[in-house]
Amino acid sequence: MNFESILLDKKSAIAYVTVNRPKVLNALNMATMEELRAAFTGIKADREVRVAILTGAGEKAFIAGADIAELSKHDAVSAKEYTHRGQSVLDLIENLGKPVIACINGFALGGGCEIAMACTMRLASENAKLGQPEVKLGIIPGYGGTQRLPRLVGKGIAMQLLLSGEMISAAEAHRIGLVNEVTTGAELIPRAEAIAQKIIANAPLAVQYTMEAVNKGMNMTLAEGLYLEAVLFGVACATEDKKEGTTAFLEKRAAQFKGK
């Protein structure tokens with residue numbers, strides 16, 4: 001598929017997805033969201049890809065937010081459809097079955113912050129700015145900001161960010177647990193690649209089941225989450241990768257996982 005608003009590349013079991021609208025700070029319109037849907041649907045189906053890295057083109061922005069000109073045209077009915085379509089793309093990213101690392105290289109505001117939160121983990125460059133400024137436009141977050149932000153940083157801090165609409169620095173985002181690490185701009189992608197390679201060395205199905213246990217378990221009681229963990233543990237024990245991993249450990253050699 002030929003993309004107009006994003007770039008898609010693949011190297012060494014890593015897929016690189018770049019929102020490529022630097023003239024508008026990589027702002028999201030629905031056409032871009034649909035391209036992201038197509039890209040991540042392809043990544044999900046590609047057995048050679050083990051990890052995805054998502055970033056924005058240029059040095060100023062990861063994704064600066066929604067395309068306000070497009071947003072301003074919506075009424076109640078079309079806006080509801082707009083948010084559902086966008087939410088489904090973020091749900092695809094969050095539950096891809098493969099880790100997605102957000103490399104936040106500048107502004108991650110509104111929908112940009114929401115996309116980052118849907119990723120498996122978030123790395124930020126020192127110049128990154130994050131926030132949910134929707135209240136300044138007379139609206140609320142529509143791509144999961146009111147739901148994922150409290151789950152990541154706690155209700156009180158989330159309320160402060162959501163109700164004030166303030167931007168925070170990468171350092172503050174790291175302090176509150178919104179991003180995993182802060183690096184220099186030059187080290188952002190290499191650091192993501194280093195984490196990706198550690199993940200790639202592990203059993204693909206074990207990685208997938210671990211992500212499923214965490215993502216689904218977050219919305220369960222502890223007892224329900226523990227039951228899900230036990231079920232997925234049992235499923236993992238029936239895989240060829242489990243046999244290979246335990247055998248390789250006992251034979252003191254590197255495991256050769258096949259994702260089966």
# chains A, B, ... in the order shown; residues from 1 in each chain; ligands from 1
$ residues_around --residues "Gly138 (chain A)" --least-positions-apart "2" --cutoff "12 Å" --atoms "only C-alpha atoms" --output "PDB file with C-alpha atoms, in the first residue's frame"
ATOM      1  CA  LEU A  71     -12.250  18.638  13.938  1.00  0.00           C
ATOM      2  CA  SER A  72     -14.092  21.971  13.814  1.00  0.00           C
ATOM      3  CA  PRO A 133      -5.232  20.346  26.074  1.00  0.00           C
ATOM      4  CA  GLU A 134      -8.709  19.490  24.755  1.00  0.00           C
ATOM      5  CA  VAL A 135     -10.525  21.532  27.435  1.00  0.00           C
ATOM      6  CA  LYS A 136      -8.922  24.637  25.939  1.00  0.00           C
ATOM      7  CA  ILE A 140     -12.674  16.453  25.973  1.00  0.00           C
ATOM      8  CA  PRO A 141     -10.170  13.817  24.872  1.00  0.00           C
ATOM      9  CA  LEU A 163      -8.623  19.741  33.612  1.00  0.00           C
ATOM     10  CA  GLY A 165      -4.814  21.309  29.809  1.00  0.00           C
TER      11      GLY A 165
END
$ select_by_dssp --residues "region 50-239 of chain A" --states "alpha helix (DSSP H)" --output "number ranges by chain"
A: 68-71, 76-94, 111-118, 145-153, 155-164, 170-175, 188-200, 204-217, 222-237
$ closest_atom_pairs --of "region 40-153 of chain A" --to "region 177-180 of chain A" --cutoff "12 Å" --atoms "only C-alpha atoms" --output "Markdown table"
| residue | atom | partner | partner_atom | distance |
| --- | --- | --- | --- | --- |
| A:Ile101 | CA | A:Asn180 | CA | 10.2 |
| A:Ala102 | CA | A:Val179 | CA | 9.3 |
| A:Cys103 | CA | A:Val179 | CA | 9.8 |
| A:Ile104 | CA | A:Val179 | CA | 9.1 |
| A:Ala108 | CA | A:Val179 | CA | 11.4 |
| A:Cys113 | CA | A:Leu178 | CA | 9.7 |
| A:Glu114 | CA | A:Leu178 | CA | 11.0 |
| A:Ala116 | CA | A:Val179 | CA | 9.0 |
| A:Met117 | CA | A:Leu178 | CA | 7.8 |
| A:Ala118 | CA | A:Leu178 | CA | 11.4 |
| A:Cys119 | CA | A:Val179 | CA | 10.6 |
| A:Thr120 | CA | A:Asn180 | CA | 10.2 |
| A:Met121 | CA | A:Asn180 | CA | 6.5 |
| A:Arg122 | CA | A:Val179 | CA | 4.9 |
| A:Leu123 | CA | A:Asn180 | CA | 5.7 |
| A:Ala124 | CA | A:Val179 | CA | 6.7 |
| A:Ser125 | CA | A:Val179 | CA | 10.2 |
| A:Glu126 | CA | A:Val179 | CA | 11.5 |
| A:Ala128 | CA | A:Val179 | CA | 10.5 |
| A:Lys129 | CA | A:Val179 | CA | 11.2 |
| A:Leu130 | CA | A:Leu178 | CA | 9.1 |
| A:Gly131 | CA | A:Leu178 | CA | 10.3 |
| A:Arg148 | CA | A:Leu178 | CA | 10.2 |
| A:Leu149 | CA | A:Leu178 | CA | 7.9 |
| A:Pro150 | CA | A:Leu178 | CA | 10.0 |
| A:Arg151 | CA | A:Leu178 | CA | 9.9 |
| A:Leu152 | CA | A:Leu178 | CA | 6.3 |
| A:Val153 | CA | A:Gly177 | CA | 5.8 |
$ closest_atom_pairs --of "region 22-131 of chain A" --to "region 212-226 of chain A" --cutoff "12 Å" --atoms "only C-alpha atoms" --output "JSON lines"
{"residue": "A:Asp91", "atom": "CA", "partner": "A:Asn215", "partner_atom": "CA", "distance": 10.8}
{"residue": "A:Ile93", "atom": "CA", "partner": "A:Asn215", "partner_atom": "CA", "distance": 11.8}
{"residue": "A:Glu94", "atom": "CA", "partner": "A:Asn215", "partner_atom": "CA", "distance": 8.1}
{"residue": "A:Asn95", "atom": "CA", "partner": "A:Glu212", "partner_atom": "CA", "distance": 7.4}
{"residue": "A:Leu96", "atom": "CA", "partner": "A:Glu212", "partner_atom": "CA", "distance": 9.4}
{"residue": "A:Gly97", "atom": "CA", "partner": "A:Glu212", "partner_atom": "CA", "distance": 7.3}
{"residue": "A:Lys98", "atom": "CA", "partner": "A:Glu212", "partner_atom": "CA", "distance": 9.9}
{"residue": "A:Pro99", "atom": "CA", "partner": "A:Glu212", "partner_atom": "CA", "distance": 10.8}
{"residue": "A:Ala118", "atom": "CA", "partner": "A:Asn215", "partner_atom": "CA", "distance": 10.5}
{"residue": "A:Cys119", "atom": "CA", "partner": "A:Asn215", "partner_atom": "CA", "distance": 11.2}
{"residue": "A:Thr120", "atom": "CA", "partner": "A:Asn215", "partner_atom": "CA", "distance": 9.5}
$ closest_residue --among "A:Met211, A:Val100, A:Asn105, A:Phe40" --to "Glu187 (chain A)" --atoms "only C-alpha atoms"
A:Asn105
$ closest_residue --among "A:Ala203, A:Ala15, A:Ala173, A:Ala238" --to "Thr41 (chain A)" --atoms "only C-alpha atoms"
A:Ala15
$ select_by_dssp --residues "region 93-142 of chain A" --states "strand (DSSP E)" --output "PyMOL selection string"
chain A and resi 100-104+107-109+121-125+129-131
$ write_last_selection --atoms "all heavy atoms" --output "mmCIF file, in the first residue's frame"
data_model
loop_
_atom_site.group_PDB
_atom_site.id
_atom_site.type_symbol
_atom_site.label_atom_id
_atom_site.label_comp_id
_atom_site.auth_asym_id
_atom_site.auth_seq_id
_atom_site.Cartn_x
_atom_site.Cartn_y
_atom_site.Cartn_z
ATOM 1 N N VAL A 100 4.733 -2.238 20.842
ATOM 2 C CA VAL A 100 4.879 -1.009 20.068
ATOM 3 C C VAL A 100 5.541 0.026 20.979
ATOM 4 O O VAL A 100 5.022 0.349 22.045
ATOM 5 C CB VAL A 100 3.527 -0.476 19.566
ATOM 6 C CG1 VAL A 100 3.736 0.792 18.733
ATOM 7 C CG2 VAL A 100 2.795 -1.530 18.758
ATOM 8 N N ILE A 101 6.706 0.512 20.564
ATOM 9 C CA ILE A 101 7.455 1.481 21.357
ATOM 10 C C ILE A 101 7.246 2.860 20.754
ATOM 11 O O ILE A 101 7.594 3.105 19.597
ATOM 12 C CB ILE A 101 8.954 1.144 21.388
ATOM 13 C CG1 ILE A 101 9.173 -0.281 21.910
ATOM 14 C CG2 ILE A 101 9.715 2.150 22.246
ATOM 15 C CD1 ILE A 101 10.616 -0.756 21.827
ATOM 16 N N ALA A 102 6.679 3.774 21.530
ATOM 17 C CA ALA A 102 6.514 5.154 21.078
ATOM 18 C C ALA A 102 7.805 5.924 21.351
ATOM 19 O O ALA A 102 8.298 5.932 22.479
ATOM 20 C CB ALA A 102 5.355 5.822 21.808
ATOM 21 N N CYS A 103 8.343 6.546 20.316
ATOM 22 C CA CYS A 103 9.519 7.409 20.459
ATOM 23 C C CYS A 103 9.043 8.853 20.309
ATOM 24 O O CYS A 103 8.825 9.335 19.193
ATOM 25 C CB CYS A 103 10.575 7.058 19.409
ATOM 26 S SG CYS A 103 11.430 5.514 19.759
ATOM 27 N N ILE A 104 8.875 9.530 21.434
ATOM 28 C CA ILE A 104 8.245 10.849 21.465
ATOM 29 C C ILE A 104 9.326 11.903 21.274
ATOM 30 O O ILE A 104 10.053 12.252 22.203
ATOM 31 C CB ILE A 104 7.493 11.048 22.787
ATOM 32 C CG1 ILE A 104 6.488 9.902 22.994
ATOM 33 C CG2 ILE A 104 6.782 12.395 22.812
ATOM 34 C CD1 ILE A 104 5.865 9.863 24.373
ATOM 35 N N PHE A 107 6.509 17.457 20.489
ATOM 36 C CA PHE A 107 5.149 17.605 21.009
ATOM 37 C C PHE A 107 4.349 16.312 20.866
ATOM 38 O O PHE A 107 4.285 15.726 19.786
ATOM 39 C CB PHE A 107 4.413 18.725 20.271
ATOM 40 C CG PHE A 107 4.954 20.098 20.539
ATOM 41 C CD1 PHE A 107 5.607 20.812 19.543
ATOM 42 C CD2 PHE A 107 4.817 20.680 21.793
ATOM 43 C CE1 PHE A 107 6.108 22.073 19.777
ATOM 44 C CE2 PHE A 107 5.318 21.947 22.047
ATOM 45 C CZ PHE A 107 5.967 22.650 21.038
ATOM 46 N N ALA A 108 3.720 15.900 21.962
ATOM 47 C CA ALA A 108 2.753 14.793 21.959
ATOM 48 C C ALA A 108 1.540 15.315 22.715
ATOM 49 O O ALA A 108 1.427 15.156 23.935
ATOM 50 C CB ALA A 108 3.322 13.554 22.625
ATOM 51 N N LEU A 109 0.657 15.959 21.983
ATOM 52 C CA LEU A 109 -0.477 16.640 22.601
ATOM 53 C C LEU A 109 -1.780 16.062 22.088
ATOM 54 O O LEU A 109 -1.870 15.608 20.942
ATOM 55 C CB LEU A 109 -0.419 18.137 22.283
ATOM 56 C CG LEU A 109 0.876 18.858 22.666
ATOM 57 C CD1 LEU A 109 0.847 20.303 22.181
ATOM 58 C CD2 LEU A 109 1.116 18.793 24.166
ATOM 59 N N MET A 121 5.038 0.898 25.456
ATOM 60 C CA MET A 121 5.929 1.697 26.295
ATOM 61 C C MET A 121 6.264 2.978 25.560
ATOM 62 O O MET A 121 6.100 3.074 24.345
ATOM 63 C CB MET A 121 7.194 0.920 26.676
ATOM 64 C CG MET A 121 8.043 0.478 25.515
ATOM 65 S SD MET A 121 9.277 -0.773 25.978
ATOM 66 C CE MET A 121 8.270 -2.272 26.021
ATOM 67 N N ARG A 122 6.771 3.949 26.327
ATOM 68 C CA ARG A 122 7.031 5.279 25.776
ATOM 69 C C ARG A 122 8.430 5.762 26.158
ATOM 70 O O ARG A 122 8.770 5.782 27.341
ATOM 71 C CB ARG A 122 5.996 6.288 26.322
ATOM 72 C CG ARG A 122 4.611 6.112 25.734
ATOM 73 C CD ARG A 122 3.520 6.549 26.708
ATOM 74 N NE ARG A 122 3.479 5.668 27.891
ATOM 75 C CZ ARG A 122 2.950 4.447 27.885
ATOM 76 N NH1 ARG A 122 2.402 3.967 26.792
ATOM 77 N NH2 ARG A 122 2.963 3.705 28.977
ATOM 78 N N LEU A 123 9.213 6.140 25.149
ATOM 79 C CA LEU A 123 10.491 6.804 25.364
ATOM 80 C C LEU A 123 10.343 8.235 24.869
ATOM 81 O O LEU A 123 9.656 8.483 23.877
ATOM 82 C CB LEU A 123 11.612 6.102 24.596
ATOM 83 C CG LEU A 123 11.759 4.588 24.757
ATOM 84 C CD1 LEU A 123 12.958 4.094 23.951
ATOM 85 C CD2 LEU A 123 11.886 4.199 26.217
ATOM 86 N N ALA A 124 10.987 9.173 25.539
ATOM 87 C CA ALA A 124 10.844 10.577 25.154
ATOM 88 C C ALA A 124 12.205 11.237 25.032
ATOM 89 O O ALA A 124 13.118 10.954 25.813
ATOM 90 C CB ALA A 124 9.992 11.336 26.175
ATOM 91 N N SER A 125 12.334 12.113 24.052
ATOM 92 C CA SER A 125 13.538 12.933 23.952
ATOM 93 C C SER A 125 13.444 14.063 24.968
ATOM 94 O O SER A 125 12.360 14.391 25.469
ATOM 95 C CB SER A 125 13.684 13.508 22.537
ATOM 96 O OG SER A 125 12.575 14.328 22.216
ATOM 97 N N LYS A 129 7.261 17.449 24.866
ATOM 98 C CA LYS A 129 6.215 18.090 25.656
ATOM 99 C C LYS A 129 4.949 17.266 25.503
ATOM 100 O O LYS A 129 4.544 16.961 24.376
ATOM 101 C CB LYS A 129 5.952 19.520 25.189
ATOM 102 C CG LYS A 129 7.157 20.451 25.266
ATOM 103 C CD LYS A 129 7.476 20.834 26.693
ATOM 104 C CE LYS A 129 8.600 21.863 26.747
ATOM 105 N NZ LYS A 129 8.961 22.207 28.150
ATOM 106 N N LEU A 130 4.327 16.912 26.601
ATOM 107 C CA LEU A 130 3.137 16.066 26.557
ATOM 108 C C LEU A 130 1.970 16.758 27.248
ATOM 109 O O LEU A 130 2.161 17.544 28.176
ATOM 110 C CB LEU A 130 3.398 14.720 27.232
ATOM 111 C CG LEU A 130 4.483 13.832 26.607
ATOM 112 C CD1 LEU A 130 5.853 14.142 27.190
ATOM 113 C CD2 LEU A 130 4.156 12.356 26.810
ATOM 114 N N GLY A 131 0.763 16.457 26.800
ATOM 115 C CA GLY A 131 -0.409 17.031 27.444
ATOM 116 C C GLY A 131 -1.697 16.680 26.736
ATOM 117 O O GLY A 131 -1.705 16.167 25.615
#
$ closest_residue --among "A:Leu8, A:Ala57, A:Ile139, A:Ala255" --to "Lys243 (chain A)" --atoms "only C-alpha atoms"
A:Ala255
$ decode --residues "region 199-210 of chain A" --atoms "all heavy atoms" --output "PDB file, in the first residue's frame"
ATOM      1  N   ILE A 199      13.660  -7.774  23.395  1.00  0.00           N
ATOM      2  CA  ILE A 199      12.357  -8.430  23.276  1.00  0.00           C
ATOM      3  C   ILE A 199      12.397  -9.498  22.193  1.00  0.00           C
ATOM      4  O   ILE A 199      11.876 -10.608  22.371  1.00  0.00           O
ATOM      5  CB  ILE A 199      11.265  -7.390  22.967  1.00  0.00           C
ATOM      6  CG1 ILE A 199      11.102  -6.422  24.155  1.00  0.00           C
ATOM      7  CG2 ILE A 199       9.943  -8.070  22.642  1.00  0.00           C
ATOM      8  CD1 ILE A 199      10.245  -5.212  23.849  1.00  0.00           C
ATOM      9  N   ILE A 200      13.023  -9.176  21.069  1.00  0.00           N
ATOM     10  CA  ILE A 200      13.101 -10.096  19.932  1.00  0.00           C
ATOM     11  C   ILE A 200      13.828 -11.390  20.306  1.00  0.00           C
ATOM     12  O   ILE A 200      13.547 -12.454  19.753  1.00  0.00           O
ATOM     13  CB  ILE A 200      13.777  -9.400  18.735  1.00  0.00           C
ATOM     14  CG1 ILE A 200      12.835  -8.317  18.174  1.00  0.00           C
ATOM     15  CG2 ILE A 200      14.173 -10.375  17.640  1.00  0.00           C
ATOM     16  CD1 ILE A 200      13.496  -7.358  17.212  1.00  0.00           C
ATOM     17  N   ALA A 201      14.751 -11.314  21.258  1.00  0.00           N
ATOM     18  CA  ALA A 201      15.493 -12.503  21.683  1.00  0.00           C
ATOM     19  C   ALA A 201      14.625 -13.481  22.462  1.00  0.00           C
ATOM     20  O   ALA A 201      14.999 -14.638  22.650  1.00  0.00           O
ATOM     21  CB  ALA A 201      16.692 -12.094  22.532  1.00  0.00           C
ATOM     22  N   ASN A 202      13.453 -13.040  22.894  1.00  0.00           N
ATOM     23  CA  ASN A 202      12.577 -13.877  23.713  1.00  0.00           C
ATOM     24  C   ASN A 202      11.543 -14.604  22.852  1.00  0.00           C
ATOM     25  O   ASN A 202      11.409 -14.342  21.663  1.00  0.00           O
ATOM     26  CB  ASN A 202      11.892 -13.023  24.777  1.00  0.00           C
ATOM     27  CG  ASN A 202      12.886 -12.369  25.708  1.00  0.00           C
ATOM     28  OD1 ASN A 202      13.910 -12.968  26.049  1.00  0.00           O
ATOM     29  ND2 ASN A 202      12.615 -11.144  26.122  1.00  0.00           N
ATOM     30  N   ALA A 203      10.820 -15.517  23.468  1.00  0.00           N
ATOM     31  CA  ALA A 203       9.832 -16.323  22.753  1.00  0.00           C
ATOM     32  C   ALA A 203       8.649 -15.456  22.320  1.00  0.00           C
ATOM     33  O   ALA A 203       8.027 -14.808  23.156  1.00  0.00           O
ATOM     34  CB  ALA A 203       9.348 -17.463  23.643  1.00  0.00           C
ATOM     35  N   PRO A 204       8.312 -15.450  21.022  1.00  0.00           N
ATOM     36  CA  PRO A 204       7.236 -14.583  20.529  1.00  0.00           C
ATOM     37  C   PRO A 204       5.889 -14.805  21.201  1.00  0.00           C
ATOM     38  O   PRO A 204       5.194 -13.846  21.544  1.00  0.00           O
ATOM     39  CB  PRO A 204       7.168 -14.928  19.037  1.00  0.00           C
ATOM     40  CG  PRO A 204       8.501 -15.472  18.704  1.00  0.00           C
ATOM     41  CD  PRO A 204       8.966 -16.184  19.933  1.00  0.00           C
ATOM     42  N   LEU A 205       5.518 -16.056  21.396  1.00  0.00           N
ATOM     43  CA  LEU A 205       4.220 -16.334  22.010  1.00  0.00           C
ATOM     44  C   LEU A 205       4.218 -15.946  23.484  1.00  0.00           C
ATOM     45  O   LEU A 205       3.200 -15.464  24.004  1.00  0.00           O
ATOM     46  CB  LEU A 205       3.853 -17.807  21.842  1.00  0.00           C
ATOM     47  CG  LEU A 205       3.555 -18.241  20.408  1.00  0.00           C
ATOM     48  CD1 LEU A 205       3.314 -19.749  20.342  1.00  0.00           C
ATOM     49  CD2 LEU A 205       2.357 -17.488  19.847  1.00  0.00           C
ATOM     50  N   ALA A 206       5.333 -16.126  24.166  1.00  0.00           N
ATOM     51  CA  ALA A 206       5.422 -15.721  25.567  1.00  0.00           C
ATOM     52  C   ALA A 206       5.274 -14.207  25.691  1.00  0.00           C
ATOM     53  O   ALA A 206       4.609 -13.709  26.613  1.00  0.00           O
ATOM     54  CB  ALA A 206       6.750 -16.176  26.163  1.00  0.00           C
ATOM     55  N   VAL A 207       5.879 -13.484  24.771  1.00  0.00           N
ATOM     56  CA  VAL A 207       5.726 -12.022  24.767  1.00  0.00           C
ATOM     57  C   VAL A 207       4.265 -11.652  24.532  1.00  0.00           C
ATOM     58  O   VAL A 207       3.695 -10.804  25.227  1.00  0.00           O
ATOM     59  CB  VAL A 207       6.622 -11.388  23.676  1.00  0.00           C
ATOM     60  CG1 VAL A 207       6.282  -9.917  23.471  1.00  0.00           C
ATOM     61  CG2 VAL A 207       8.097 -11.538  24.052  1.00  0.00           C
ATOM     62  N   GLN A 208       3.640 -12.303  23.565  1.00  0.00           N
ATOM     63  CA  GLN A 208       2.237 -12.018  23.239  1.00  0.00           C
ATOM     64  C   GLN A 208       1.328 -12.312  24.431  1.00  0.00           C
ATOM     65  O   GLN A 208       0.463 -11.502  24.779  1.00  0.00           O
ATOM     66  CB  GLN A 208       1.807 -12.860  22.042  1.00  0.00           C
ATOM     67  CG  GLN A 208       0.343 -12.687  21.653  1.00  0.00           C
ATOM     68  CD  GLN A 208      -0.066 -13.605  20.511  1.00  0.00           C
ATOM     69  OE1 GLN A 208       0.751 -13.956  19.677  1.00  0.00           O
ATOM     70  NE2 GLN A 208      -1.323 -13.997  20.502  1.00  0.00           N
ATOM     71  N   TYR A 209       1.506 -13.461  25.065  1.00  0.00           N
ATOM     72  CA  TYR A 209       0.644 -13.838  26.183  1.00  0.00           C
ATOM     73  C   TYR A 209       0.873 -12.932  27.394  1.00  0.00           C
ATOM     74  O   TYR A 209      -0.067 -12.633  28.141  1.00  0.00           O
ATOM     75  CB  TYR A 209       0.877 -15.293  26.575  1.00  0.00           C
ATOM     76  CG  TYR A 209       0.561 -16.301  25.481  1.00  0.00           C
ATOM     77  CD1 TYR A 209       1.166 -17.555  25.462  1.00  0.00           C
ATOM     78  CD2 TYR A 209      -0.340 -16.003  24.463  1.00  0.00           C
ATOM     79  CE1 TYR A 209       0.884 -18.481  24.474  1.00  0.00           C
ATOM     80  CE2 TYR A 209      -0.623 -16.917  23.456  1.00  0.00           C
ATOM     81  CZ  TYR A 209      -0.008 -18.150  23.463  1.00  0.00           C
ATOM     82  OH  TYR A 209      -0.283 -19.067  22.466  1.00  0.00           O
ATOM     83  N   THR A 210       2.109 -12.513  27.603  1.00  0.00           N
ATOM     84  CA  THR A 210       2.395 -11.589  28.703  1.00  0.00           C
ATOM     85  C   THR A 210       1.657 -10.271  28.505  1.00  0.00           C
ATOM     86  O   THR A 210       1.039  -9.738  29.443  1.00  0.00           O
ATOM     87  CB  THR A 210       3.906 -11.330  28.806  1.00  0.00           C
ATOM     88  OG1 THR A 210       4.587 -12.553  29.089  1.00  0.00           O
ATOM     89  CG2 THR A 210       4.210 -10.324  29.910  1.00  0.00           C
TER      90      THR A 210
END
